[in-house]
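target-v6.cif follows (mmCIF, C-alpha atoms):
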```cif
data_upload
#
loop_
_atom_site.label_atom_id
_atom_site.label_comp_id
_atom_site.auth_asym_id
_atom_site.auth_seq_id
_atom_site.Cartn_x
_atom_site.Cartn_y
_atom_site.Cartn_z
CA MET A 14 -37.52 38.87 59.92
CA THR A 15 -36.29 40.83 56.91
CA ILE A 16 -35.09 38.92 53.89
CA LYS A 17 -31.95 40.37 52.33
CA LEU A 18 -32.45 41.16 48.66
CA ASN A 19 -29.65 40.70 46.16
CA THR A 20 -28.96 44.01 44.40
CA ARG A 21 -25.83 42.88 42.49
CA ILE A 22 -27.48 42.95 39.07
CA GLU A 23 -24.15 43.70 37.40
CA ASP A 24 -22.97 40.18 38.34
CA ILE A 25 -25.80 38.39 36.50
CA ASN A 26 -24.42 35.98 33.92
CA LEU A 27 -26.10 36.69 30.59
CA GLN A 28 -26.43 32.93 29.97
CA ASP A 29 -28.71 32.84 33.04
CA LEU A 30 -30.89 35.65 31.71
CA PRO A 31 -33.67 34.21 29.53
CA PHE A 32 -34.49 37.62 28.04
CA ALA A 33 -30.87 38.76 27.46
CA THR A 34 -31.20 38.69 23.66
CA ASP A 35 -34.68 40.26 23.46
CA VAL A 36 -34.43 43.53 21.54
CA LEU A 37 -36.24 46.71 22.56
CA SER A 38 -38.03 47.95 19.46
CA GLU A 39 -38.61 51.60 18.62
CA LEU A 40 -41.97 53.24 19.24
CA ASP A 41 -42.49 56.40 17.22
CA THR A 42 -45.05 58.41 19.19
CA HIS A 43 -46.15 60.19 16.00
CA LYS A 44 -47.61 56.90 14.82
CA ILE A 45 -49.89 56.29 17.81
CA GLU A 46 -53.07 57.70 19.27
CA VAL A 47 -53.03 57.90 23.06
CA GLY A 48 -55.74 57.59 25.65
CA ILE A 49 -55.99 58.87 29.19
CA PRO A 50 -53.03 57.89 31.42
CA SER A 51 -53.50 56.33 34.84
CA VAL A 52 -51.27 55.04 37.60
CA GLY A 53 -51.05 51.26 37.55
CA SER A 54 -48.86 48.20 37.34
CA VAL A 55 -46.68 46.91 34.51
CA ASN A 56 -45.35 43.43 33.91
CA LEU A 57 -41.79 44.19 32.83
CA SER A 58 -41.62 40.91 30.90
CA LYS A 59 -44.14 42.49 28.50
CA VAL A 60 -41.95 45.52 27.79
CA VAL A 61 -41.05 45.20 24.12
CA GLY A 62 -39.82 48.65 23.19
CA THR A 63 -39.01 52.23 24.02
CA THR A 64 -39.43 55.74 22.67
CA HIS A 65 -35.82 56.65 23.54
CA PRO A 66 -33.53 56.62 20.49
CA ASP A 67 -30.47 55.63 22.55
CA TYR A 68 -32.06 52.41 23.79
CA CYS A 69 -34.21 51.12 20.93
CA GLY A 70 -32.52 48.36 18.98
CA LYS A 71 -30.54 47.27 22.05
CA THR A 72 -31.02 44.00 23.90
CA TRP A 73 -31.71 43.71 27.61
CA GLY A 74 -28.32 42.01 27.92
CA GLU A 75 -26.53 44.92 26.23
CA LEU A 76 -28.16 47.31 28.70
CA LYS A 77 -27.21 45.30 31.81
CA PRO A 78 -24.80 47.34 33.95
CA ILE A 79 -21.23 46.07 33.70
CA PRO A 80 -19.35 44.53 36.65
CA GLY A 81 -17.83 47.19 38.88
CA THR A 82 -20.71 49.64 38.42
CA LEU A 83 -21.97 49.46 42.02
CA GLY A 84 -18.49 49.97 43.43
CA GLY A 85 -17.89 52.86 41.07
CA ASP A 86 -14.49 51.41 40.17
CA PHE A 87 -13.75 54.16 37.63
CA VAL A 88 -9.98 53.77 37.98
CA ASN A 89 -9.79 50.09 37.05
CA ASN A 90 -12.79 50.09 34.72
CA VAL A 91 -13.25 53.24 32.64
CA GLN A 92 -16.13 51.54 30.79
CA ILE A 93 -18.39 52.29 33.78
CA ASN A 94 -18.94 55.82 32.44
CA CYS A 95 -19.35 54.64 28.83
CA GLN A 96 -21.84 51.78 29.12
CA PRO A 97 -25.04 51.73 27.03
CA LEU A 98 -27.27 52.35 30.07
CA LYS A 99 -26.31 56.01 30.52
CA ARG A 100 -27.09 56.53 34.21
CA ALA A 101 -26.29 53.00 35.34
CA TYR A 102 -23.91 54.02 38.12
CA GLY A 103 -26.38 56.28 39.95
CA ASN A 104 -29.33 53.99 39.40
CA VAL A 105 -27.46 50.88 40.57
CA LYS A 106 -26.48 52.76 43.75
CA ASP A 107 -30.13 53.80 44.21
CA LEU A 108 -31.17 50.15 43.86
CA ASP A 109 -28.62 49.07 46.45
CA ASN A 110 -29.78 51.80 48.88
CA ASN A 111 -33.53 51.25 48.36
CA PRO A 112 -34.49 47.94 46.70
CA GLN A 113 -38.03 48.30 48.09
CA TYR A 114 -38.63 51.00 45.47
CA TYR A 115 -39.11 48.22 42.91
CA LEU A 116 -41.40 46.22 45.21
CA ASN A 117 -43.70 48.79 46.84
CA ASN A 118 -46.99 50.22 45.56
CA GLU A 119 -46.08 53.90 45.93
CA GLU A 120 -46.46 56.15 42.91
CA LYS A 121 -43.21 56.42 40.97
CA TYR A 122 -42.87 59.77 39.26
CA HIS A 123 -41.08 60.07 35.92
CA TRP A 124 -41.57 56.37 35.13
CA SER A 125 -44.14 55.71 32.44
CA PHE A 126 -45.21 53.36 29.69
CA TYR A 127 -47.47 53.19 26.66
CA GLU A 128 -49.62 50.06 26.47
CA ILE A 129 -50.50 48.81 23.00
CA ASP A 130 -52.35 45.49 22.60
CA GLY A 131 -50.98 44.15 25.91
CA ASP A 132 -47.37 45.10 25.17
CA TYR A 133 -45.56 47.95 26.90
CA TYR A 134 -43.20 50.58 25.55
CA ILE A 135 -41.09 52.73 27.87
CA SER A 136 -41.89 56.42 27.56
CA SER A 137 -39.73 57.49 30.53
CA GLY A 138 -37.61 55.57 33.01
CA ASN A 139 -35.50 53.40 30.69
CA ASN A 140 -32.78 52.94 33.32
CA ARG A 141 -35.28 52.02 36.04
CA THR A 142 -37.05 49.59 33.73
CA VAL A 143 -33.86 47.71 32.87
CA ILE A 144 -32.59 47.74 36.45
CA GLY A 145 -36.00 46.75 37.82
CA ARG A 146 -36.39 43.80 35.47
CA LEU A 147 -32.87 42.55 36.24
CA PHE A 148 -33.34 43.03 39.98
CA LEU A 149 -36.70 41.24 40.10
CA HIS A 150 -35.32 38.37 38.00
CA LEU A 151 -32.25 38.07 40.24
CA ASN A 152 -34.47 37.75 43.32
CA ASP A 153 -37.00 35.34 41.73
CA LYS A 154 -39.76 37.93 42.04
CA GLU A 155 -42.58 38.51 39.59
CA PRO A 156 -41.40 41.16 37.10
CA ILE A 157 -44.21 43.54 38.04
CA VAL A 158 -43.76 47.14 39.17
CA HIS A 159 -46.54 49.20 40.70
CA GLY A 160 -47.25 52.92 40.84
CA VAL A 161 -46.10 53.75 37.31
CA LYS A 162 -47.99 55.83 34.76
CA VAL A 163 -49.58 53.75 32.00
CA THR A 164 -51.04 55.39 28.90
CA PRO A 165 -53.22 53.25 26.65
CA ALA A 166 -52.42 53.73 22.98
CA LYS A 167 -53.10 52.28 19.56
CA PHE A 168 -51.48 52.59 16.18
CA LYS A 169 -53.10 55.11 13.87
CA GLU A 170 -55.34 53.60 11.20
CA GLU A 171 -53.37 54.87 8.22
CA LEU A 172 -50.27 53.11 9.48
CA MET A 173 -51.80 49.68 9.85
CA LYS A 174 -50.16 46.79 8.01
CA PRO A 175 -51.01 46.44 4.32
CA ASP A 176 -53.71 44.05 3.18
CA THR A 177 -51.67 41.17 1.84
CA THR A 178 -54.73 39.25 0.70
CA GLU A 179 -54.79 41.20 -2.58
CA ASN A 180 -53.28 39.37 -5.53
CA ASP A 181 -51.84 42.54 -7.05
CA LYS A 182 -49.24 44.85 -5.59
CA SER A 183 -51.38 48.01 -5.62
CA GLY A 184 -52.46 47.50 -2.00
CA ILE A 185 -48.88 47.37 -0.80
CA PHE A 186 -47.88 50.41 -2.88
CA SER A 187 -50.76 52.50 -1.52
CA TRP A 188 -49.84 51.44 2.02
CA ILE A 189 -46.21 52.50 1.45
CA ALA A 190 -47.42 55.87 0.11
CA ARG A 191 -49.58 56.40 3.25
CA VAL A 192 -46.68 55.56 5.54
CA LEU A 193 -44.27 57.86 3.71
CA LYS A 194 -46.69 60.80 4.08
CA THR A 195 -46.33 60.76 7.88
#
```
Produce structure tokens that represent the structure in this file.
Amino acid sequence: MTIKLNTRIEDINLQDLPFATDVLSELDTHKIEVGIPSVGSVNLSKVVGTTHPDYCGKTWGELKPIPGTLGGDFVNNVQINCQPLKRAYGNVKDLDNNPQYYLNNEEKYHWSFYEIDGDYYISSGNNRTVIGRLFLHLNDKEPIVHGVKVTPAKFKEELMKPDTTENDKSGIFSWIARVLKT
């Protein structure tokens, strides 16, 4: 018996989305040191940012495909082509045609993340990440995808936070000078 999965992510009410207002922060890859990538699993609820300038600073709710996307109702809703998630139409159709993509263990090419201290940042596959998280939430599934590339990373030493235990401001000023050099 096959259970029918709901692929109508565009119909999710943002009030029912506990992570709708969570903002994707920016990850500047010049400020990290990377390790050796491997294929693994990522908990999408631990995705906190992205390297893509068009998506950082946006909330998950802002990136949710708008109603009418799956039907491609371009005549009655011209916003379908202008929504923040650039390839929403094609990716929502792909989800509807193959929802198992987000559930299986097969390697998923061109979908990758940096992992820093247990948090994940999207390095490629922004559309799939947003759609996958919405889809898994809609179907009460764990927000975990398998078969994606994960690259361990850490912030470079010279960009660490300033030592605020000093009583004078010289520590903060030297930290600012180090950051501005990069």
Task: Atom pair CA of Pro80 (chain A) / CA of Thr34 (chain A): separation (Å) - done: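 These two atoms are separated by 18.5 Å.
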Open item on the list: Set the distance at 10 Å and use all atoms listed in the file: which residues neighbour Val60 (chain A) once local chain neighbours fewer than 6 positions away are removed? I'd like the list as a PyMOL selection string.
Closed with: chain A and resi 35-38+126-128+131-135+142-143+146
Open item on the list: Given all atoms listed in the file as the basis, pick out the residue of A:Asn139, A:Gln92, A:Asn26, A:Asn118 nearest to Asn104 (chain A).
Closed with: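 With all atoms listed in the file as the atom set, the closest residue is A:Asn139.
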TODO: Kindly resolve the PyMOL selection byres ((chain A and resi 148) around 8) on the present coordinates and return the residues as a list in words.
DONE: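 After applying the PyMOL selection byres ((chain A and resi 148) around 8), what remains is Asn19, Thr20, Arg21, Ile22, Ile144, Gly145, Arg146, Leu147, Leu149, His150, Leu151 and Asn152 of chain A.
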Care to translate the PyMOL selection byres ((chain A and resi 48) around 8) into actual residues of this file, as a PDB file with C-alpha atoms, keeping the file's coordinate frame?
```pdb
ATOM      1  CA  GLU A  46     -53.070  57.700  19.270  1.00  0.00           C
ATOM      2  CA  VAL A  47     -53.030  57.900  23.060  1.00  0.00           C
ATOM      3  CA  ILE A  49     -55.990  58.870  29.190  1.00  0.00           C
ATOM      4  CA  PRO A  50     -53.030  57.890  31.420  1.00  0.00           C
ATOM      5  CA  THR A 164     -51.040  55.390  28.900  1.00  0.00           C
ATOM      6  CA  PRO A 165     -53.220  53.250  26.650  1.00  0.00           C
ATOM      7  CA  ALA A 166     -52.420  53.730  22.980  1.00  0.00           C
TER       8      ALA A 166
END
```
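Here the PyMOL selection byres ((chain A and resi 75) around 9) matches the residues Ala33, Thr34, Lys71, Thr72, Trp73, Gly74, Leu76, Lys77, Pro78, Gln96, Pro97 and Leu98 of chain A.
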Task: Nearest to His65 (chain A) by atom-to-atom distance, counting only C-alpha atoms, from A:Asn117, A:Asn110, A:Gln28, A:Thr42 - done: A:Thr42
Padding 6 Å on every side, please: axis-aligned box over the listed atoms of region 99-102 of chain A, centre and edge lengths to one decimal in Å, as JSON.
```
{"center_x": -25.5, "center_y": 54.8, "center_z": 34.3, "size_x": 15.2, "size_y": 15.5, "size_z": 19.6}
```
- [ ] Go ahead and compute the interatomic distance for CA of Glu119 (chain A) and CA of Leu18 (chain A), in Å to one decimal.
- [x]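 Separating CA of Glu119 (chain A) from CA of Leu18 (chain A) is a distance of 18.9 Å.
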Could you produce a table of the residues of region 16-112 of chain A lying within 12 Å of region 153-158 of chain A, with the nearest pair of atoms per residue and their separation in Å rounded to one decimal, using only C-alpha atoms, ordered by chain and increasing residue number, as CSV?
```
residue,atom,partner,partner_atom,distance
A:Leu18,CA,A:Asp153,CA,10.1
A:Asn19,CA,A:Asp153,CA,10.1
A:Leu30,CA,A:Asp153,CA,11.7
A:Phe32,CA,A:Pro156,CA,11.9
A:Val52,CA,A:Val158,CA,11.0
A:Gly53,CA,A:Val158,CA,8.5
A:Ser54,CA,A:Val158,CA,5.5
A:Val55,CA,A:Ile157,CA,5.5
A:Asn56,CA,A:Ile157,CA,4.3
A:Leu57,CA,A:Pro156,CA,5.3
A:Ser58,CA,A:Pro156,CA,6.2
A:Lys59,CA,A:Pro156,CA,9.1
A:Val60,CA,A:Pro156,CA,10.3
A:Pro112,CA,A:Val158,CA,12.0
```
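Proximity to Arg141 (chain A) was assessed for A:Val61, A:Ile129, A:Cys69, A:Ala101 counting only C-alpha atoms; the smallest distance is recorded for A:Ala101.
Residue nearest Lys106 (chain A) within the list A:Ser51, A:Ser137, A:Thr82, A:Thr64: A:Thr82 [criterion: smallest interatomic distance, only C-alpha atoms].
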Task: For Tyr114 (chain A), the nearest of the candidates A:Val161, A:Pro31, A:Ile45, A:Pro66, counting only C-alpha atoms - done: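 Looking only at the distances to Tyr114 (chain A), the closest residue turns out to be A:Val161.
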Task: Residues near His43 (chain A), cut-off 10 Å, only C-alpha atoms, skip fewer than 3 positions along chain, as a PyMOL selection string - done: chain A and resi 40+46+168-169+195
Task: Distance in Å - CA of Arg100 (chain A) versus CA of Asn140 (chain A) - done: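 For CA of Arg100 (chain A) relative to CA of Asn140 (chain A), the distance reads 6.8 Å.
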